[in-house]
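The file my_file-v6.cif contains mmCIF, C-alpha atoms and all ligand atoms:
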data_upload
#
loop_
_atom_site.label_atom_id
_atom_site.label_comp_id
_atom_site.auth_asym_id
_atom_site.auth_seq_id
_atom_site.Cartn_x
_atom_site.Cartn_y
_atom_site.Cartn_z
CA MET T 1 0.00 0.00 0.00
CA GLU T 2 1.29 3.45 -0.84
CA THR T 3 2.02 5.67 2.13
CA ILE T 4 2.95 9.32 2.34
CA VAL T 5 4.71 10.93 5.28
CA VAL T 6 3.71 14.55 5.70
CA LYS T 7 5.75 16.98 7.75
CA PHE T 8 4.28 20.39 8.57
CA GLY T 9 6.57 23.25 9.52
CA GLY T 10 5.93 25.89 12.15
CA SER T 11 4.21 28.38 9.86
CA SER T 12 1.85 25.60 8.70
CA LEU T 13 0.76 25.05 12.30
CA ALA T 14 1.00 28.56 13.70
CA ASP T 15 -2.69 28.96 14.58
CA ALA T 16 -6.09 27.29 14.34
CA GLY T 17 -6.66 28.49 10.78
CA GLN T 18 -3.44 26.79 9.71
CA PHE T 19 -4.43 23.60 11.60
CA ARG T 20 -7.60 23.48 9.51
CA LYS T 21 -5.63 23.76 6.27
CA VAL T 22 -3.35 20.97 7.49
CA ALA T 23 -6.31 18.71 8.30
CA ASP T 24 -7.79 19.38 4.84
CA ILE T 25 -4.52 18.46 3.18
CA ILE T 26 -4.27 15.21 5.15
CA LYS T 27 -7.88 14.28 4.46
CA ALA T 28 -7.52 15.01 0.74
CA ASP T 29 -5.34 11.91 0.23
CA ASP T 30 -5.80 8.77 2.30
CA ARG T 31 -2.19 7.77 1.68
CA ARG T 32 -1.19 10.63 4.02
CA ARG T 33 -1.16 8.56 7.19
CA PHE T 34 2.00 9.55 9.06
CA VAL T 35 2.31 13.11 10.21
CA VAL T 36 5.31 14.92 11.71
CA ALA T 37 4.63 18.30 13.27
CA SER T 38 6.71 21.32 14.26
CA ALA T 39 5.99 23.77 17.06
CA PRO T 40 3.76 26.77 16.26
CA GLY T 41 5.78 29.25 14.22
CA LYS T 42 5.24 32.93 13.54
CA ARG T 43 1.74 34.13 12.69
CA SER T 44 3.14 37.40 11.32
CA ASP T 45 6.59 38.92 10.77
CA SER T 46 6.60 40.49 14.20
CA ASP T 47 5.50 37.33 16.01
CA THR T 48 7.78 34.97 17.97
CA LYS T 49 8.11 31.23 17.37
CA VAL T 50 7.02 29.08 20.28
CA THR T 51 10.44 27.36 20.23
CA ASP T 52 12.09 30.75 20.80
CA LEU T 53 9.69 31.47 23.67
CA LEU T 54 10.59 28.11 25.20
CA TYR T 55 14.31 28.88 25.01
CA ARG T 56 13.60 32.28 26.59
CA CYS T 57 11.60 30.64 29.34
CA TYR T 58 14.43 28.21 30.05
CA ASP T 59 17.04 31.03 30.11
CA GLN T 60 14.98 32.99 32.61
CA ALA T 61 14.45 29.94 34.79
CA VAL T 62 18.16 29.09 35.02
CA ALA T 63 19.03 32.73 35.64
CA GLY T 64 16.70 32.57 38.63
CA GLY T 65 14.35 35.09 37.02
CA ASP T 66 10.61 35.13 36.75
CA TYR T 67 9.65 32.90 33.84
CA GLY T 68 5.94 32.99 34.67
CA SER T 69 4.87 35.49 32.03
CA VAL T 70 6.75 33.77 29.18
CA LEU T 71 5.21 30.46 30.21
CA GLU T 72 1.78 32.12 30.16
CA GLN T 73 2.53 33.45 26.67
CA ILE T 74 3.41 29.91 25.53
CA LYS T 75 0.29 28.52 27.13
CA ALA T 76 -1.83 31.17 25.41
CA ARG T 77 -0.49 30.15 21.99
CA PHE T 78 -1.75 26.62 22.56
CA SER T 79 -4.97 27.49 24.34
CA ASP T 80 -5.98 29.77 21.42
CA ILE T 81 -5.53 26.86 19.01
CA ILE T 82 -7.35 24.39 21.27
CA SER T 83 -10.34 26.60 21.94
CA GLU T 84 -10.74 27.75 18.34
CA LEU T 85 -10.61 24.18 17.08
CA GLY T 86 -12.81 22.93 19.89
CA VAL T 87 -10.56 19.97 20.74
CA ASP T 88 -10.67 18.27 24.08
CA PHE T 89 -7.20 18.75 25.54
CA ALA T 90 -5.91 18.91 29.11
CA LEU T 91 -3.57 21.85 28.60
CA ASP T 92 -3.44 22.89 32.27
CA SER T 93 -1.99 19.60 33.41
CA GLU T 94 0.56 19.60 30.55
CA ILE T 95 1.70 23.10 31.53
CA ASP T 96 1.92 21.99 35.16
CA VAL T 97 4.33 19.24 34.15
CA ILE T 98 6.51 21.87 32.40
CA ARG T 99 6.30 24.18 35.42
CA ARG T 100 7.43 21.39 37.74
CA HIS T 101 10.29 20.58 35.38
CA LEU T 102 11.39 24.24 35.44
CA SER T 103 11.38 24.42 39.20
CA ALA T 104 13.51 21.28 39.55
CA GLU T 105 16.56 20.93 37.31
CA PRO T 106 15.55 22.30 33.91
CA SER T 107 16.99 20.89 30.71
CA ARG T 108 17.34 23.20 27.73
CA ASP T 109 16.56 20.51 25.17
CA TYR T 110 13.57 19.25 27.10
CA MET T 111 12.13 22.76 27.23
CA ALA T 112 12.75 23.38 23.51
CA SER T 113 11.04 20.10 22.63
CA ARG T 114 7.76 20.98 24.35
CA GLY T 115 6.59 23.05 21.37
CA GLU T 116 6.62 20.03 19.07
CA TYR T 117 5.32 17.75 21.82
CA LEU T 118 2.24 19.83 22.61
CA ASN T 119 1.50 20.84 19.03
CA SER T 120 1.63 17.23 17.85
CA LYS T 121 -0.59 16.04 20.67
CA ILE T 122 -3.15 18.72 19.82
CA LEU T 123 -2.95 17.91 16.12
CA ALA T 124 -3.38 14.18 16.87
CA ALA T 125 -6.49 14.95 18.92
CA TYR T 126 -7.88 17.18 16.17
CA LEU T 127 -7.25 14.60 13.43
CA GLY T 128 -8.31 11.63 15.55
CA PHE T 129 -4.90 10.02 14.93
CA PRO T 130 -2.85 8.30 17.66
CA PHE T 131 0.07 10.29 19.08
CA TYR T 132 3.49 8.65 19.37
CA ASP T 133 6.05 10.52 21.44
CA ALA T 134 9.43 10.86 19.74
CA ALA T 135 11.43 10.46 22.97
CA PRO T 136 11.42 6.64 23.13
CA LEU T 137 11.79 6.31 19.34
CA ILE T 138 14.39 8.80 18.11
CA ARG T 139 17.62 7.71 19.79
CA PHE T 140 20.66 9.74 20.74
CA ALA T 141 23.79 8.23 22.31
CA ALA T 142 24.82 9.44 25.75
CA ASP T 143 27.36 11.84 24.17
CA GLY T 144 24.59 13.45 22.09
CA THR T 145 25.41 11.87 18.74
CA PHE T 146 22.41 10.73 16.78
CA ASP T 147 21.96 6.96 16.40
CA GLU T 148 20.21 6.58 13.05
CA GLU T 149 20.15 2.78 12.90
CA GLN T 150 18.66 2.32 16.37
CA THR T 151 16.15 5.05 15.55
CA ASN T 152 15.21 3.33 12.33
CA ALA T 153 14.71 0.03 14.15
CA ASN T 154 12.55 1.70 16.83
CA LEU T 155 10.42 3.66 14.38
CA SER T 156 9.91 0.74 12.01
CA ALA T 157 8.91 -1.60 14.82
CA VAL T 158 6.33 0.77 16.28
CA LEU T 159 4.93 2.41 13.15
CA ALA T 160 4.59 -0.85 11.23
CA MET T 161 1.89 -1.83 13.71
CA VAL T 162 -0.30 1.23 13.24
CA GLU T 163 -2.59 2.64 10.55
CA CYS T 164 -1.70 6.26 11.12
CA ALA T 165 0.19 8.41 13.63
CA VAL T 166 1.33 11.88 14.60
CA VAL T 167 4.96 12.07 15.72
CA PRO T 168 6.51 15.30 17.04
CA GLY T 169 9.51 16.57 15.14
CA PHE T 170 12.82 18.02 16.34
CA TYR T 171 13.68 15.76 19.29
CA GLY T 172 14.38 12.31 20.63
CA ALA T 173 16.10 11.07 23.76
CA THR T 174 19.04 9.13 25.08
CA GLU T 175 18.49 5.63 26.36
CA ASP T 176 17.90 6.90 29.88
CA GLY T 177 15.12 9.15 28.63
CA ALA T 178 16.88 12.54 28.65
CA VAL T 179 15.37 14.58 25.82
CA HIS T 180 17.79 15.68 23.12
CA THR T 181 17.02 17.88 20.11
CA PHE T 182 18.42 18.11 16.62
CA SER T 183 19.70 21.52 15.58
CA ARG T 184 17.17 24.23 14.71
CA GLY T 185 14.74 23.29 11.98
CA GLY T 186 15.26 19.64 12.89
CA SER T 187 11.66 18.53 12.40
CA ASP T 188 12.63 18.07 8.76
CA VAL T 189 15.02 15.37 9.91
CA THR T 190 12.33 13.60 11.93
CA GLY T 191 10.06 13.58 8.88
CA SER T 192 12.81 12.02 6.82
CA LEU T 193 13.47 9.37 9.46
CA VAL T 194 9.79 8.43 9.66
CA ALA T 195 9.63 8.24 5.86
CA ARG T 196 12.62 5.91 5.79
CA ALA T 197 11.27 3.75 8.61
CA ILE T 198 7.93 3.07 6.96
CA ASN T 199 9.42 3.03 3.45
CA ALA T 200 7.13 5.81 2.32
CA THR T 201 6.24 6.37 -1.31
CA VAL T 202 7.08 10.04 -0.87
CA TYR T 203 8.07 12.39 1.94
CA GLU T 204 5.99 15.57 1.65
CA ASN T 205 7.52 18.51 3.43
CA TRP T 206 4.83 21.21 3.80
CA THR T 207 6.00 24.74 4.35
CA ASP T 208 5.05 28.27 3.30
CA VAL T 209 6.68 28.37 -0.12
CA SER T 210 5.64 26.51 -3.25
CA GLY T 211 8.97 24.76 -3.61
CA MET T 212 12.56 25.63 -4.13
CA LEU T 213 13.34 28.62 -6.29
CA PHE T 214 15.78 28.77 -9.19
CA THR T 215 17.70 31.46 -7.33
CA ASP T 216 17.45 33.84 -4.39
CA PRO T 217 14.27 35.98 -4.72
CA ARG T 218 16.00 38.80 -2.84
CA ILE T 219 18.36 39.10 -5.82
CA VAL T 220 16.11 38.17 -8.75
CA SER T 221 12.45 39.05 -8.54
CA ASN T 222 10.05 36.15 -9.04
CA PRO T 223 12.45 33.41 -10.07
CA GLN T 224 10.67 30.28 -11.24
CA THR T 225 10.17 27.24 -9.03
CA ILE T 226 12.37 24.22 -9.57
CA GLU T 227 10.16 21.32 -10.61
CA TYR T 228 12.69 18.51 -10.18
CA ILE T 229 16.07 18.51 -8.51
CA THR T 230 18.35 15.62 -7.61
CA TYR T 231 19.65 15.08 -4.09
CA ARG T 232 23.14 15.85 -5.34
CA GLU T 233 22.11 19.12 -6.96
CA LEU T 234 20.23 20.07 -3.82
CA ARG T 235 23.30 19.40 -1.71
CA GLU T 236 25.42 21.68 -3.91
CA LEU T 237 22.86 24.48 -3.84
CA SER T 238 22.13 24.16 -0.12
CA TYR T 239 25.81 24.27 0.68
CA MET T 240 26.00 27.53 -1.22
CA GLY T 241 23.19 29.06 0.78
CA ALA T 242 19.90 27.98 -0.81
CA SER T 243 17.85 26.89 2.16
CA VAL T 244 14.73 24.85 1.85
CA LEU T 245 15.32 21.91 4.16
CA HIS T 246 17.46 21.08 7.16
CA GLU T 247 20.79 19.83 5.80
CA ASP T 248 20.55 16.44 7.49
CA ALA T 249 17.01 15.77 6.27
CA VAL T 250 18.18 14.47 2.93
CA PHE T 251 20.31 11.55 4.15
CA PRO T 252 17.72 9.07 5.54
CA VAL T 253 15.36 9.27 2.55
CA ARG T 254 18.16 9.43 0.04
CA LYS T 255 19.48 6.14 1.37
CA ALA T 256 16.06 4.60 0.85
CA GLY T 257 15.45 6.24 -2.55
CA ILE T 258 12.35 8.08 -1.30
CA PRO T 259 11.63 11.40 -3.06
CA ILE T 260 10.98 14.57 -1.07
CA ASN T 261 8.23 16.87 -2.24
CA ILE T 262 8.38 20.45 -0.95
CA ARG T 263 4.80 21.78 -0.80
CA ASN T 264 2.99 24.93 0.28
CA THR T 265 0.29 24.59 2.96
CA ASN T 266 -1.18 27.90 1.84
CA CYS T 267 -1.36 26.83 -1.85
CA PRO T 268 -1.93 23.08 -1.73
CA ALA T 269 -2.74 22.90 -5.45
CA ASP T 270 0.84 23.88 -6.35
CA LYS T 271 2.95 20.85 -7.18
CA GLY T 272 6.04 22.20 -5.47
CA THR T 273 9.53 20.80 -5.95
CA MET T 274 10.37 17.10 -6.21
CA ILE T 275 13.77 16.11 -4.84
CA VAL T 276 14.73 12.78 -6.38
CA ALA T 277 17.67 10.41 -6.84
CA ALA T 278 17.40 10.54 -10.64
CA LEU T 279 15.29 12.74 -12.87
CA PRO T 280 12.32 11.01 -14.50
CA LYS T 281 12.89 10.11 -18.17
CA GLU T 282 9.98 12.16 -19.41
CA PHE T 283 11.27 15.29 -17.69
CA ARG T 284 13.02 17.65 -20.10
CA MET T 285 16.16 18.38 -18.19
CA ARG T 286 17.18 22.01 -18.02
CA THR T 287 20.82 22.92 -18.52
CA VAL T 288 20.96 24.69 -15.18
CA THR T 289 18.78 23.60 -12.27
CA GLY T 290 19.59 26.41 -9.89
CA ILE T 291 22.00 29.16 -8.91
CA ALA T 292 23.10 29.98 -5.37
CA GLY T 293 25.92 31.87 -3.79
CA ARG T 294 27.47 33.31 -0.70
CA LYS T 295 29.68 36.21 0.23
CA GLY T 296 32.45 36.14 2.80
CA PHE T 297 35.34 34.23 1.23
CA THR T 298 39.08 34.88 1.11
CA SER T 299 41.61 33.44 -1.31
CA ILE T 300 45.17 32.72 -0.25
CA LEU T 301 47.50 32.42 -3.23
CA LEU T 302 50.99 30.97 -2.88
CA GLU T 303 53.62 31.17 -5.55
CA LYS T 304 56.82 29.14 -5.62
CA SER T 305 59.03 28.20 -8.58
CA SER T 306 59.05 24.46 -9.28
CA MET T 307 56.17 23.95 -6.91
CA ASN T 308 54.88 21.28 -9.26
CA SER T 309 57.86 19.05 -8.57
CA GLU T 310 57.69 19.45 -4.80
CA VAL T 311 55.84 16.35 -3.65
CA GLY T 312 53.45 17.02 -0.77
CA PHE T 313 53.21 20.80 -1.24
CA GLY T 314 49.43 20.72 -1.35
CA ALA T 315 49.18 18.42 1.64
CA LYS T 316 51.42 20.72 3.67
CA MET T 317 49.43 23.79 2.70
CA LEU T 318 46.14 22.22 3.67
CA GLY T 319 47.80 20.80 6.78
CA VAL T 320 48.59 24.33 7.98
CA LEU T 321 44.96 25.34 7.54
CA ALA T 322 43.76 22.20 9.29
CA LYS T 323 46.10 22.84 12.21
CA HIS T 324 44.37 26.18 12.78
CA GLY T 325 40.88 24.80 12.29
CA VAL T 326 40.33 26.65 8.99
CA SER T 327 38.51 24.47 6.48
CA PHE T 328 39.05 24.98 2.78
CA GLU T 329 36.25 25.37 0.29
CA HIS T 330 38.04 25.28 -3.04
CA CYS T 331 41.56 24.75 -4.16
CA PRO T 332 42.35 26.00 -7.67
CA THR T 333 45.97 25.32 -8.66
CA GLY T 334 48.41 26.42 -11.35
CA ILE T 335 51.85 25.05 -12.23
CA ASP T 336 53.77 27.16 -9.75
CA THR T 337 50.82 28.56 -7.86
CA MET T 338 48.33 27.13 -5.52
CA SER T 339 45.43 28.92 -3.95
CA VAL T 340 42.85 27.99 -1.41
CA VAL T 341 39.54 29.65 -0.85
CA VAL T 342 38.48 29.79 2.77
CA SER T 343 35.75 31.40 4.79
CA SER T 344 36.86 34.94 5.68
CA GLU T 345 35.40 34.61 9.15
CA GLN T 346 37.42 31.50 9.98
CA PHE T 347 40.56 32.86 8.36
CA GLU T 348 40.49 36.29 10.02
CA GLU T 349 40.43 34.68 13.43
CA HIS T 350 43.76 32.92 12.75
CA ARG T 351 45.18 35.14 10.03
CA ALA T 352 48.58 35.96 11.51
CA ALA T 353 49.30 32.42 12.70
CA VAL T 354 48.22 30.83 9.41
CA LEU T 355 50.39 33.18 7.34
CA ASP T 356 53.40 32.67 9.63
CA ASP T 357 53.06 28.92 9.38
CA LEU T 358 52.58 28.95 5.60
CA ASN T 359 55.78 30.99 5.24
CA GLU T 360 57.72 28.75 7.55
CA VAL T 361 56.50 25.38 6.29
CA LEU T 362 56.33 26.09 2.55
CA GLN T 363 58.83 28.90 2.05
CA PRO T 364 56.89 30.40 -0.88
CA GLU T 365 58.15 33.34 -2.94
CA SER T 366 54.95 35.19 -2.31
CA ILE T 367 51.64 34.92 -0.54
CA VAL T 368 48.76 37.08 -1.72
CA VAL T 369 45.61 37.29 0.35
CA GLU T 370 42.49 38.58 -1.35
CA SER T 371 39.39 39.04 0.71
CA SER T 372 35.82 40.12 -0.18
CA LEU T 373 35.25 37.23 -2.53
CA ALA T 374 31.77 35.90 -3.25
CA MET T 375 31.21 32.40 -4.62
CA ILE T 376 28.43 31.55 -7.01
CA ALA T 377 27.50 27.95 -7.78
CA ILE T 378 25.72 27.22 -11.04
CA VAL T 379 24.34 23.73 -10.61
CA GLY T 380 22.74 21.29 -13.01
CA HIS T 381 23.18 17.75 -14.32
CA GLY T 382 22.12 19.20 -17.66
CA MET T 383 25.47 20.98 -18.01
CA VAL T 384 27.23 17.64 -18.53
CA ALA T 385 25.54 17.07 -21.86
CA ALA T 386 25.04 20.67 -22.98
CA ARG T 387 28.14 21.82 -24.77
CA GLY T 388 29.12 25.40 -24.22
CA SER T 389 27.45 25.88 -20.83
CA ALA T 390 30.64 27.26 -19.32
CA ALA T 391 31.07 29.64 -22.25
CA ARG T 392 27.51 30.88 -21.79
CA ILE T 393 28.13 31.54 -18.11
CA PHE T 394 31.38 33.41 -18.71
CA ARG T 395 29.92 35.45 -21.55
CA ALA T 396 26.92 36.45 -19.49
CA VAL T 397 29.13 37.60 -16.64
CA ALA T 398 31.60 39.35 -18.97
CA ASP T 399 28.78 41.15 -20.78
CA ALA T 400 27.68 42.50 -17.43
CA GLY T 401 31.16 43.98 -17.07
CA ILE T 402 32.09 41.73 -14.18
CA ASN T 403 35.56 40.35 -13.59
CA ILE T 404 35.71 36.66 -12.63
CA ARG T 405 38.33 36.14 -9.95
CA MET T 406 38.16 32.37 -9.66
CA ILE T 407 36.71 29.43 -11.59
CA ASP T 408 36.24 25.93 -10.27
CA GLN T 409 34.39 23.18 -12.06
CA GLY T 410 33.36 20.47 -9.65
CA SER T 411 34.83 17.08 -10.55
CA SER T 412 31.36 15.75 -11.34
CA GLU T 413 30.58 18.47 -13.91
CA LEU T 414 27.49 19.02 -11.84
CA ASN T 415 28.50 22.53 -10.95
CA ILE T 416 30.61 25.44 -11.99
CA ILE T 417 31.71 27.77 -9.25
CA LEU T 418 32.72 31.33 -9.89
CA GLY T 419 34.47 33.68 -7.54
CA VAL T 420 33.64 37.35 -8.02
CA ASP T 421 34.14 40.48 -5.99
CA GLU T 422 31.48 40.80 -3.28
CA ASN T 423 30.31 44.05 -4.86
CA ASP T 424 29.56 42.21 -8.11
CA PHE T 425 27.75 39.31 -6.46
CA GLU T 426 24.13 40.25 -7.08
CA GLU T 427 24.68 41.48 -10.63
CA ALA T 428 26.63 38.34 -11.54
CA ILE T 429 23.75 36.16 -10.34
CA ARG T 430 21.25 38.27 -12.27
CA SER T 431 23.28 38.00 -15.46
CA ILE T 432 23.61 34.20 -15.22
CA TYR T 433 19.93 33.93 -14.37
CA ARG T 434 18.98 35.90 -17.49
CA GLU T 435 21.06 33.53 -19.60
CA PHE T 436 19.55 30.31 -18.27
CA ARG T 437 16.05 31.08 -17.07
N1 LIG T 501 10.70 24.19 16.25
C1 LIG T 501 12.07 23.96 15.93
C2 LIG T 501 12.71 25.24 15.46
O1 LIG T 501 12.09 26.29 15.48
C3 LIG T 501 12.27 22.83 15.00
C4 LIG T 501 11.52 22.92 13.70
O2 LIG T 501 10.62 23.73 13.53
O3 LIG T 501 11.85 22.16 12.80
O4 LIG T 501 13.85 25.23 15.08
#

I need this file expressed as C-alpha cells, please.
Amino acid sequence: METIVVKFGGSSLADAGQFRKVADIIKADDRRRFVVASAPGKRSDSDTKVTDLLYRCYDQAVAGGDYGSVLEQIKARFSDIISELGVDFALDSEIDVIRRHLSAEPSRDYMASRGEYLNSKILAAYLGFPFYDAAPLIRFAADGTFDEEQTNANLSAVLAMVECAVVPGFYGATEDGAVHTFSRGGSDVTGSLVARAINATVYENWTDVSGMLFTDPRIVSNPQTIEYITYRELRELSYMGASVLHEDAVFPVRKAGIPINIRNTNCPADKGTMIVAALPKEFRMRTVTGIAGRKGFTSILLEKSSMNSEVGFGAKMLGVLAKHGVSFEHCPTGIDTMSVVVSSEQFEEHRAAVLDDLNEVLQPESIVVESSLAMIAIVGHGMVAARGSAARIFRAVADAGINIRMIDQGSSELNIILGVDENDFEEAIRSIYREFR
C-alpha cells in the first residue's frame, strides 16, 4: 500500500486556521497517514516562534528570574488553538508538568522540545490520529550523537503496527530518557526518518513556499520554481546558501530512494519541488537547475618556482589550515601557484598564525591574500551534456562587465563555481539567471 509521510513546519501550524488547512490536506489523500509536526511558528513577521519562547523561558528559569509570564505566553499560543478548534485537551496539566520541570533541574533541550510535543498532541487529537512521542523512538547516544540505525529500528517496529500516527519533530532522547534535540529546523530530519522507517512512497515537506526557487528571490524578482532537482544538486545548492530543508534531512530518505516533495500549505494545489535520486525520463532536463551563492570568502595564493615538482606541497598547505581549524572550500591550482579559498570569518580569526606557518613550512616566494570574494554555484546535471554551458556563463558575466576572480568546475561536472568580488555578487547572479532562465 502506498504511504505518504507529511511533515508540517511551524508556519503551517502557527494557529487554528493553519491547523484546519493541514487537516484538509491530510484528508484530501488517504495515503497521508503519518504526520510529523513542528511547534507553532510565527503568525506574522513580528510574532515569535514558540520554540524561541521556550528557550527564553528556560534562560529565565536558570538565571533565577521570573519565567511565569513567558510560560503564560506559551500557554496562550496553545490554548488559542485548542479553543478555536474545539478539541478536548488537558492543557493545564501539561503546563503543570513543564512548570514542575522548570522548578527542579531544567533541561534546555527538554524545554525546547515541548513546542513540538504539545502541538503534535493537539494535532493528533484534532485529526483523531494516535500520538506517538518521539522520545522513546528517536535515539541519541549518551554523548549526544544521533543513532540513526537504532532510531530506524525503533520507528519501524512501532509504526509498522499502526494505521496512522502523529509524531513530534525536532527531538528524541538518550536511552535513559533525557530529551535531546536536533539543531534548529530539525523537524525536517524527523520527517525524513519516519519516511525511511515506513518506506514511504514520498516524503511531503509542507512549508510556506511553493517549492525551491531557481535562485534567491531577494536578488532576482520572481524566479521560477524548480520542478525537479536531484539530491546531489540540492546538496550543492544548499551548501552555497539555498535553504529549503534542514541539511541532514536528505540523508535518511536518500538512502532509501524516497523522493521529497516540498509543498505549500497555503497553496496546496501547487505541485512544489520534487527532490529525487534521478530525474524522471519524461522530464526535459534544463541545462541549469539552480544558482546559489554566498559572500564572505578569502583566497590565499601561494607562488613558488618548481612547486609542481615538490611532492606534498598541497598536503602541507592544507595541513597548515587544518592545524588552525580553517577548512578549505576550493583549491584552484596552477603550475607554480596554488590557492585555497576559505571562509573569511574563519581565516580572520587565525590570520597571523596561518600566514606565519605557511611561510615557515612552505617557504613560498609570495603569498597574496584577497578578501571580499563571493562564490556563485551554477548547478545542473544538464550541463554535462550541454556543450558550451561554461562559455555561456562566462559570456553572461563578462557582458555584465564583471571580472571573474576564480573558476572551479566540480569534478562531477554538476556545478561550476565562480568567484567574483562581493560588490559584483548580485549582478553576476542576475546575469547568469537571465542567460539560463
Ligand atoms: N521548532 C524547531 C525550530 O524552530 C524545529 C523545527 O521547527 O523544525 O527550530

Problem - Given only C-alpha atoms as the counted atoms, nearest of T:Arg437, T:His381, T:Arg114, T:Arg77 to Leu234 of chain T - result: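 The shortest atom-to-atom distance to Leu234 of chain T comes from T:His381.
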
Practice task
Take the point (18.5, 40.1, -9.9) in the file's coordinates, draw a sphere of radius 6 Å around it, and report as a PyMOL selection string every protein, DNA or RNA residue with an atom inside or on it, counting only C-alpha atoms.
Solution key: chain T and resi 219-220+430

Handout entry: Shortest interatomic distance to ligand LIG 501 (chain T) - which of T:Thr48, T:Thr225, T:Ser93, T:Thr287, counting all atoms listed in the file
Key = T:Thr48

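Shortest atom-to-atom contact with ligand LIG 501 (chain T) among T:Val62, T:Leu159, T:Leu245, T:Val5: T:Leu245, counting all atoms listed in the file.
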
Problem - Of the listed residues T:Asp30, T:Asp92, T:Asp208, T:Glu348, that which approaches Ala14 of chain T most closely, counting all atoms listed in the file - result: T:Asp208

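Residue nearest Gly10 of chain T, chosen from T:Thr265, T:Gly177, T:Ala28, T:Gly68 and counting only C-alpha atoms: T:Thr265.
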
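We find atom CA of Gly115 of chain T and atom CA of Pro259 of chain T to be spaced 27.5 Å apart.
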
Need to verify the contact set: segment 317-333 of chain T, 8 Å, only C-alpha atoms, exclusion of same-chain residues closer than 2 positions in sequence. Can you return it as a PDB file with C-alpha atoms, in the coordinates of the input?
ATOM      1  CA  PHE T 313      53.210  20.800  -1.240  1.00  0.00           C
ATOM      2  CA  GLY T 314      49.430  20.720  -1.350  1.00  0.00           C
ATOM      3  CA  ALA T 315      49.180  18.420   1.640  1.00  0.00           C
ATOM      4  CA  ILE T 335      51.850  25.050 -12.230  1.00  0.00           C
ATOM      5  CA  THR T 337      50.820  28.560  -7.860  1.00  0.00           C
ATOM      6  CA  MET T 338      48.330  27.130  -5.520  1.00  0.00           C
ATOM      7  CA  SER T 339      45.430  28.920  -3.950  1.00  0.00           C
ATOM      8  CA  VAL T 340      42.850  27.990  -1.410  1.00  0.00           C
ATOM      9  CA  VAL T 341      39.540  29.650  -0.850  1.00  0.00           C
ATOM     10  CA  VAL T 342      38.480  29.790   2.770  1.00  0.00           C
ATOM     11  CA  SER T 343      35.750  31.400   4.790  1.00  0.00           C
ATOM     12  CA  GLN T 346      37.420  31.500   9.980  1.00  0.00           C
ATOM     13  CA  PHE T 347      40.560  32.860   8.360  1.00  0.00           C
ATOM     14  CA  HIS T 350      43.760  32.920  12.750  1.00  0.00           C
ATOM     15  CA  ALA T 353      49.300  32.420  12.700  1.00  0.00           C
ATOM     16  CA  VAL T 354      48.220  30.830   9.410  1.00  0.00           C
ATOM     17  CA  ASP T 357      53.060  28.920   9.380  1.00  0.00           C
ATOM     18  CA  LEU T 358      52.580  28.950   5.600  1.00  0.00           C
ATOM     19  CA  LEU T 362      56.330  26.090   2.550  1.00  0.00           C
ATOM     20  CA  MET T 406      38.160  32.370  -9.660  1.00  0.00           C
ATOM     21  CA  ILE T 407      36.710  29.430 -11.590  1.00  0.00           C
ATOM     22  CA  ASP T 408      36.240  25.930 -10.270  1.00  0.00           C
TER      23      ASP T 408
END

Practice task
Provide the atom CA of Ser412 of chain T to atom CA of Gly296 of chain T distance in Å, to one decimal place.
Solution key: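 Separation between atom CA of Ser412 of chain T and atom CA of Gly296 of chain T: 24.8 Å.
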
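Considering the residues T:Trp206, T:Ala23, T:Lys295, T:Ala277 and counting only C-alpha atoms, Ile122 of chain T has its shortest atom-to-atom contact with T:Ala23.
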
Give me, as a Markdown table, each residue of chain T that comes within 8 Å of ligand LIG 501 (chain T), together with its shortest interatomic pair and the distance in Å at one decimal, counting only C-alpha atoms and all ligand atoms, with rows ordered by chain and rising residue number.
| residue | atom | partner | partner_atom | distance |
| --- | --- | --- | --- | --- |
| T:Gly9 | CA | T:LIG501 | O2 | 5.7 |
| T:Gly10 | CA | T:LIG501 | O2 | 5.3 |
| T:Ser38 | CA | T:LIG501 | O2 | 4.7 |
| T:Ala39 | CA | T:LIG501 | N1 | 4.8 |
| T:Pro40 | CA | T:LIG501 | N1 | 7.4 |
| T:Gly41 | CA | T:LIG501 | O1 | 7.1 |
| T:Lys49 | CA | T:LIG501 | O1 | 6.6 |
| T:Val50 | CA | T:LIG501 | N1 | 7.3 |
| T:Thr51 | CA | T:LIG501 | N1 | 5.1 |
| T:Asp52 | CA | T:LIG501 | O1 | 6.9 |
| T:Ala112 | CA | T:LIG501 | N1 | 7.6 |
| T:Ser113 | CA | T:LIG501 | N1 | 7.6 |
| T:Gly115 | CA | T:LIG501 | N1 | 6.7 |
| T:Glu116 | CA | T:LIG501 | N1 | 6.5 |
| T:Gly169 | CA | T:LIG501 | O3 | 6.5 |
| T:Phe170 | CA | T:LIG501 | C3 | 5.0 |
| T:Phe182 | CA | T:LIG501 | C3 | 7.9 |
| T:Ser183 | CA | T:LIG501 | O4 | 6.9 |
| T:Arg184 | CA | T:LIG501 | O4 | 3.5 |
| T:Gly185 | CA | T:LIG501 | O3 | 3.2 |
| T:Gly186 | CA | T:LIG501 | O3 | 4.2 |
| T:Ser187 | CA | T:LIG501 | O3 | 3.7 |
| T:Asp188 | CA | T:LIG501 | O3 | 5.8 |

Exercise for the section: Find the residues around Tyr58 of chain T up to 8 Å (all atoms listed in the file counted), leave out those fewer than 2 positions away in its own chain, and share them as a PyMOL selection string. Expected result: chain T and resi 54-56+60-62+67+102+106-108+111

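A straight line drawn from atom CA of Asp15 of chain T to atom CA of Asn205 of chain T is 18.4 Å long.
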